[in-house]
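A.B. asks: I'd like to ask you about the structure that follows.
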Amino acid sequence: MVATVTPLSAPVAPDEALRRIAFLLERERAGSYRVEAFRKAVVTVRETPSDELAERAAAGTLQELSGIGKSTAGVIAEAVAGELPAYLDTLQDKAKPLVSGGEDLFAALRGDCHSHSSWSDGGSPIEEMVLTAVELGHEWLVLTDHSPQLRVANGLTVERLTKQLKVVDAVNASLGDGFRLLKGIEVDILDDGGLDQTEAMLAQLDLVTASVHSKLKMNAAPMTKRMVAAVSNPRVNVLGHCTGRLVEGSRGTRPQSDFDARAVFQACAEHGTAVEINSRPERQDPPDDLLLMALEIGCLFAVDSDAHAPGQLEMKAYGCERAERLGVPADRIVTTWDVDRLLAWTRGDA
């Protein structure tokens, strides 16, 4: 996996210039409204004939197109003229490694077990997430949109997930052998430790990441029982952001949930469920002390981005820095495995 995509140079197509700007803004965690302007402009540009774009750029009427504002019009006009748009040039010049450390582990990664698309609460279509993953050097990506109970995140019902699986098949059919989009879900762990999706649907998936999203302040004893039941379920492969904490960011902070971490991690180790090292800067979950406990117990791990936008896929660099610094062996990180080994593990063949 490469550290970031190769910088663009002139000439560059207008839609590619807009895509790259959106990616770089997401990478630096810019406000979603700024990113959305460039993502919408990509759609408009792709729906507009190139000769019309050139005519409008010359006449100064690009902003008459739906979804094109002053900034995006400037980028389009410069790209149409064969120039590298100044805004893109500035962002590329500013782009530095996200973190110092973990580079060797990051280079060893092959995929990501936790990503979201616009089917739930992500910001981009499945195809855009896949294209960016390919550009970043991924060999596989698991699509893990939310389950039905998380209505605030537009969680997928059985009907919608069934439709999504057909889209995944179509994407894979168009990609050839160099990349694999895997069928997955981030399923809510219910109050009793059950899973927020039918057994029949879960059986159709390649990988299941299970996370607690509700009643995060549940008392320790029932929370422990809840989590142990979930990670012991044969359908669950990865325990997502186990403490639920938030340490920074626009949503504010939130303390970690109270549970017997040793009991949960021992159940993970016994049942072959990987503990996610959630790489989002606002989560950094599990905290270092619990990560070391899981390491000592013998757990597998998944360094995941929990990406809700294409530019966030690279955030695994933060998780790699933590994992490498704390001495997690690469071979115990399932996101370093090739797709065949990964699927053998999720099927219980490994």
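Scheme for the structure tokens: letters A, B, ... for chains in order shown; per-chain residue numbers from 1; ligand numbers from 1 in order shown.
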At most 9 Å is the cut-off: for each residue in region 65-140 of chain A with any atom that close to an atom of region 314-317 of chain A, write down the nearest atom pair and the distance in Å rounded to one decimal, counting only C-alpha atoms, chain first then increasing number, as a tab-separated table.

C.D. replies:
```
residue	atom	partner	partner_atom	distance
A:Pro97	CA	A:Ala317	CA	8.6
A:Leu98	CA	A:Ala317	CA	6.8
A:Val99	CA	A:Ala317	CA	6.7
A:Ser100	CA	A:Ala317	CA	8.9
A:Gly101	CA	A:Ala317	CA	8.4
A:Gly102	CA	A:Ala317	CA	6.8
A:Glu103	CA	A:Ala317	CA	7.4
A:Leu105	CA	A:Ala317	CA	8.6
A:Phe106	CA	A:Ala317	CA	6.0
A:Leu109	CA	A:Lys316	CA	9.0
A:Asp112	CA	A:Lys316	CA	8.4
A:Ala133	CA	A:Glu314	CA	8.8
A:Leu136	CA	A:Glu314	CA	7.6
```

A.B. asks: Put those residues in a file: N, CA, C and O atoms, as a PDB file, in the first residue's frame.

C.D. replies:
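To be explicit, this is the file written out as part.pdb:
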```pdb
ATOM      1  N   PRO A  97       2.956  13.514   5.133  1.00  0.00           N
ATOM      2  CA  PRO A  97       2.530  12.289   5.815  1.00  0.00           C
ATOM      3  C   PRO A  97       1.647  12.616   7.014  1.00  0.00           C
ATOM      4  O   PRO A  97       1.898  13.588   7.738  1.00  0.00           O
ATOM      5  N   LEU A  98       0.606  11.810   7.225  1.00  0.00           N
ATOM      6  CA  LEU A  98      -0.337  12.088   8.299  1.00  0.00           C
ATOM      7  C   LEU A  98       0.301  11.977   9.676  1.00  0.00           C
ATOM      8  O   LEU A  98      -0.082  12.678  10.612  1.00  0.00           O
ATOM      9  N   VAL A  99       1.284  11.092   9.796  1.00  0.00           N
ATOM     10  CA  VAL A  99       1.895  10.839  11.100  1.00  0.00           C
ATOM     11  C   VAL A  99       3.304  10.316  10.877  1.00  0.00           C
ATOM     12  O   VAL A  99       3.610   9.738   9.827  1.00  0.00           O
ATOM     13  N   SER A 100       4.168  10.535  11.836  1.00  0.00           N
ATOM     14  CA  SER A 100       5.523  10.001  11.782  1.00  0.00           C
ATOM     15  C   SER A 100       5.566   8.703  12.577  1.00  0.00           C
ATOM     16  O   SER A 100       5.223   8.669  13.762  1.00  0.00           O
ATOM     17  N   GLY A 101       5.968   7.619  11.918  1.00  0.00           N
ATOM     18  CA  GLY A 101       6.003   6.314  12.563  1.00  0.00           C
ATOM     19  C   GLY A 101       4.987   5.381  11.939  1.00  0.00           C
ATOM     20  O   GLY A 101       3.965   5.815  11.395  1.00  0.00           O
ATOM     21  N   GLY A 102       5.259   4.096  12.007  1.00  0.00           N
ATOM     22  CA  GLY A 102       4.340   3.109  11.478  1.00  0.00           C
ATOM     23  C   GLY A 102       4.420   2.900   9.980  1.00  0.00           C
ATOM     24  O   GLY A 102       3.584   2.191   9.408  1.00  0.00           O
ATOM     25  N   GLU A 103       5.423   3.488   9.342  1.00  0.00           N
ATOM     26  CA  GLU A 103       5.493   3.421   7.878  1.00  0.00           C
ATOM     27  C   GLU A 103       5.648   1.989   7.364  1.00  0.00           C
ATOM     28  O   GLU A 103       5.031   1.615   6.351  1.00  0.00           O
ATOM     29  N   LEU A 105       4.655  -0.828   8.747  1.00  0.00           N
ATOM     30  CA  LEU A 105       3.400  -1.547   8.907  1.00  0.00           C
ATOM     31  C   LEU A 105       2.373  -1.057   7.900  1.00  0.00           C
ATOM     32  O   LEU A 105       1.644  -1.859   7.307  1.00  0.00           O
ATOM     33  N   PHE A 106       2.326   0.245   7.690  1.00  0.00           N
ATOM     34  CA  PHE A 106       1.384   0.792   6.706  1.00  0.00           C
ATOM     35  C   PHE A 106       1.659   0.196   5.326  1.00  0.00           C
ATOM     36  O   PHE A 106       0.733  -0.153   4.593  1.00  0.00           O
ATOM     37  N   LEU A 109       0.079  -3.236   4.827  1.00  0.00           N
ATOM     38  CA  LEU A 109      -1.370  -3.401   4.787  1.00  0.00           C
ATOM     39  C   LEU A 109      -1.842  -3.781   3.389  1.00  0.00           C
ATOM     40  O   LEU A 109      -1.296  -3.330   2.391  1.00  0.00           O
ATOM     41  N   ASP A 112      -8.817  -3.146   4.295  1.00  0.00           N
ATOM     42  CA  ASP A 112      -9.497  -2.370   5.331  1.00  0.00           C
ATOM     43  C   ASP A 112     -10.812  -3.081   5.619  1.00  0.00           C
ATOM     44  O   ASP A 112     -11.592  -3.355   4.700  1.00  0.00           O
ATOM     45  N   ALA A 133      -9.578   3.562  -3.098  1.00  0.00           N
ATOM     46  CA  ALA A 133      -8.845   2.449  -2.485  1.00  0.00           C
ATOM     47  C   ALA A 133      -7.829   1.866  -3.464  1.00  0.00           C
ATOM     48  O   ALA A 133      -6.687   1.568  -3.094  1.00  0.00           O
ATOM     49  N   LEU A 136      -4.888   4.120  -3.765  1.00  0.00           N
ATOM     50  CA  LEU A 136      -4.039   4.084  -2.575  1.00  0.00           C
ATOM     51  C   LEU A 136      -3.252   2.781  -2.450  1.00  0.00           C
ATOM     52  O   LEU A 136      -2.450   2.619  -1.532  1.00  0.00           O
TER      53      LEU A 136
END
```

A.B. asks: As a PyMOL selection string, please: the residues near region 201-208 of chain A (cut-off 12 Å, only C-alpha atoms, same-chain neighbours under 6 positions excluded).

C.D. replies: chain A and resi 112-115+140-147+156-166+168-169+180-189+195+230-231+233-240+273-274+276+302+334+339-340+342-348

A.B. asks: Could you jot down the CA of Ala13 (chain A) to CA of Leu131 (chain A) separation for me, Å, one decimal place?

C.D. replies: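 Distance between the two atoms: 16.0 Å.
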
A.B. asks: Give me every strand (DSSP E) residue in region 119-299 of chain A, going by DSSP on the backbone, as a PyMOL selection string.

C.D. replies: chain A and resi 140-143+180-188+207-211+238-239+274-278

A.B. asks: Residues as selected, N, CA and C atoms, written as an mmCIF file, in the first residue's frame, can you do that?

C.D. replies:
```cif
data_model
loop_
_atom_site.group_PDB
_atom_site.id
_atom_site.type_symbol
_atom_site.label_atom_id
_atom_site.label_comp_id
_atom_site.auth_asym_id
_atom_site.auth_seq_id
_atom_site.Cartn_x
_atom_site.Cartn_y
_atom_site.Cartn_z
ATOM 1 N N TRP A 140 -7.848 -5.079 -1.346
ATOM 2 C CA TRP A 140 -9.239 -5.399 -1.023
ATOM 3 C C TRP A 140 -9.777 -4.353 -0.048
ATOM 4 N N LEU A 141 -11.088 -4.267 -0.014
ATOM 5 C CA LEU A 141 -11.781 -3.344 0.875
ATOM 6 C C LEU A 141 -13.105 -3.986 1.255
ATOM 7 N N VAL A 142 -13.433 -3.943 2.543
ATOM 8 C CA VAL A 142 -14.724 -4.446 2.983
ATOM 9 C C VAL A 142 -15.682 -3.266 3.116
ATOM 10 N N LEU A 143 -16.818 -3.355 2.453
ATOM 11 C CA LEU A 143 -17.854 -2.330 2.552
ATOM 12 C C LEU A 143 -18.730 -2.674 3.751
ATOM 13 N N ARG A 180 -10.457 -6.535 -4.946
ATOM 14 C CA ARG A 180 -11.700 -7.214 -4.547
ATOM 15 C C ARG A 180 -12.447 -6.361 -3.533
ATOM 16 N N LEU A 181 -13.696 -6.035 -3.842
ATOM 17 C CA LEU A 181 -14.586 -5.391 -2.891
ATOM 18 C C LEU A 181 -15.361 -6.495 -2.180
ATOM 19 N N LEU A 182 -15.244 -6.527 -0.858
ATOM 20 C CA LEU A 182 -15.857 -7.591 -0.082
ATOM 21 C C LEU A 182 -17.180 -7.132 0.529
ATOM 22 N N LYS A 183 -18.094 -8.069 0.642
ATOM 23 C CA LYS A 183 -19.422 -7.793 1.192
ATOM 24 C C LYS A 183 -19.353 -7.826 2.713
ATOM 25 N N GLY A 184 -19.780 -6.733 3.334
ATOM 26 C CA GLY A 184 -19.709 -6.678 4.783
ATOM 27 C C GLY A 184 -20.781 -5.802 5.377
ATOM 28 N N ILE A 185 -20.672 -5.590 6.677
ATOM 29 C CA ILE A 185 -21.598 -4.747 7.415
ATOM 30 C C ILE A 185 -20.919 -4.331 8.718
ATOM 31 N N GLU A 186 -21.232 -3.137 9.195
ATOM 32 C CA GLU A 186 -20.943 -2.802 10.589
ATOM 33 C C GLU A 186 -22.268 -2.982 11.318
ATOM 34 N N VAL A 187 -22.405 -4.126 11.952
ATOM 35 C CA VAL A 187 -23.673 -4.486 12.577
ATOM 36 C C VAL A 187 -23.687 -4.004 14.030
ATOM 37 N N ASP A 188 -24.794 -3.419 14.429
ATOM 38 C CA ASP A 188 -24.943 -2.989 15.815
ATOM 39 C C ASP A 188 -25.023 -4.196 16.744
ATOM 40 N N LEU A 207 -17.514 -10.586 5.550
ATOM 41 C CA LEU A 207 -16.925 -10.176 6.834
ATOM 42 C C LEU A 207 -17.914 -9.307 7.593
ATOM 43 N N VAL A 208 -17.974 -9.519 8.901
ATOM 44 C CA VAL A 208 -18.868 -8.752 9.767
ATOM 45 C C VAL A 208 -18.046 -8.053 10.849
ATOM 46 N N THR A 209 -18.155 -6.737 10.874
ATOM 47 C CA THR A 209 -17.609 -5.940 11.974
ATOM 48 C C THR A 209 -18.770 -5.588 12.885
ATOM 49 N N ALA A 210 -18.660 -5.880 14.175
ATOM 50 C CA ALA A 210 -19.732 -5.631 15.133
ATOM 51 C C ALA A 210 -19.307 -4.553 16.118
ATOM 52 N N SER A 211 -20.197 -3.575 16.349
ATOM 53 C CA SER A 211 -19.864 -2.440 17.202
ATOM 54 C C SER A 211 -21.053 -2.068 18.084
ATOM 55 N N VAL A 238 -14.841 -9.059 13.466
ATOM 56 C CA VAL A 238 -14.079 -7.932 14.019
ATOM 57 C C VAL A 238 -14.941 -7.204 15.045
ATOM 58 N N LEU A 239 -14.346 -6.894 16.201
ATOM 59 C CA LEU A 239 -14.994 -6.041 17.204
ATOM 60 C C LEU A 239 -14.593 -4.605 16.929
ATOM 61 N N ALA A 274 -11.127 -10.557 15.664
ATOM 62 C CA ALA A 274 -10.081 -9.529 15.719
ATOM 63 C C ALA A 274 -10.574 -8.298 16.467
ATOM 64 N N VAL A 275 -9.684 -7.696 17.220
ATOM 65 C CA VAL A 275 -9.959 -6.422 17.885
ATOM 66 C C VAL A 275 -9.552 -5.304 16.934
ATOM 67 N N GLU A 276 -10.488 -4.449 16.618
ATOM 68 C CA GLU A 276 -10.178 -3.345 15.715
ATOM 69 C C GLU A 276 -9.280 -2.306 16.391
ATOM 70 N N ILE A 277 -8.243 -1.874 15.673
ATOM 71 C CA ILE A 277 -7.496 -0.670 16.036
ATOM 72 C C ILE A 277 -8.072 0.421 15.155
ATOM 73 N N ASN A 278 -9.056 1.130 15.702
ATOM 74 C CA ASN A 278 -9.766 2.141 14.925
ATOM 75 C C ASN A 278 -8.859 3.350 14.762
#
```

A.B. asks: For region 44-49 of chain A, work out the shell of residues within 10 Å, counting only C-alpha atoms and skipping chain neighbours fewer than 3 positions away, then give it as a PyMOL selection string.

C.D. replies: chain A and resi 13-16+18+38-41+52-54+62+65-68+76

A.B. asks: Ranking A:Asp260, A:Glu139, A:Glu248, A:Glu78 by minimum distance to Ala108 (chain A) and counting only C-alpha atoms, which one comes first?

C.D. replies: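 Ranked by minimum distance to Ala108 (chain A), first place goes to A:Glu139.
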
A.B. asks: Would you please give, as number ranges by chain, all residues of region 102-176 of chain A that DSSP assigns to alpha helix (DSSP H) based on the backbone?

C.D. replies: A: 103-108, 126-135, 158-175

A.B. asks: Would you mind reading off the distance between CA of Arg19 (chain A) and CA of Thr335 (chain A), one decimal, in Å?

C.D. replies: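 Computed distance, CA of Arg19 (chain A) to CA of Thr335 (chain A), equals 26.2 Å.
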
A.B. asks: Could you give me, as a PDB file with C-alpha atoms, in the first residue's frame, the residues within 10 Å of Lys225 (chain A), counting only C-alpha atoms and dropping anything in the same chain fewer than 6 positions from it?

C.D. replies:
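For reference, selection-v5.pdb as written:
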```pdb
ATOM      1  CA  ASP A 191     -28.560  -4.741  24.267  1.00  0.00           C
ATOM      2  CA  ASP A 192     -28.587  -8.511  24.804  1.00  0.00           C
ATOM      3  CA  GLY A 193     -25.523  -9.167  22.634  1.00  0.00           C
ATOM      4  CA  PHE A 259     -16.769  -3.242  30.788  1.00  0.00           C
ATOM      5  CA  ASP A 260     -14.427  -6.060  31.761  1.00  0.00           C
ATOM      6  CA  ALA A 263     -13.136 -10.957  29.638  1.00  0.00           C
ATOM      7  CA  VAL A 264     -14.064  -9.431  26.275  1.00  0.00           C
TER       8      VAL A 264
END
```

A.B. asks: Hey, can you check how far CA of Pro281 (chain A) sits from CA of Lys217 (chain A)?

C.D. replies: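 Going from CA of Pro281 (chain A) over to CA of Lys217 (chain A) covers 21.8 Å.
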
A.B. asks: Can you pull out the residues contacting region 290-295 of chain A? Cut-off 12 Å, using only C-alpha atoms, and skip same-chain residues under 3 positions away; I want them as a ChimeraX atom specification.

C.D. replies: /A:239,241-243,256,259-270,273-278,284-287,298-303,319,322-330,332-333

A.B. asks: For Val12 (chain A), which residue out of A:Ala59, A:Ala73, A:Val42, A:Ala79 is the nearest one, using only C-alpha atoms?

C.D. replies: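 Nearest to Val12 (chain A): A:Ala79.
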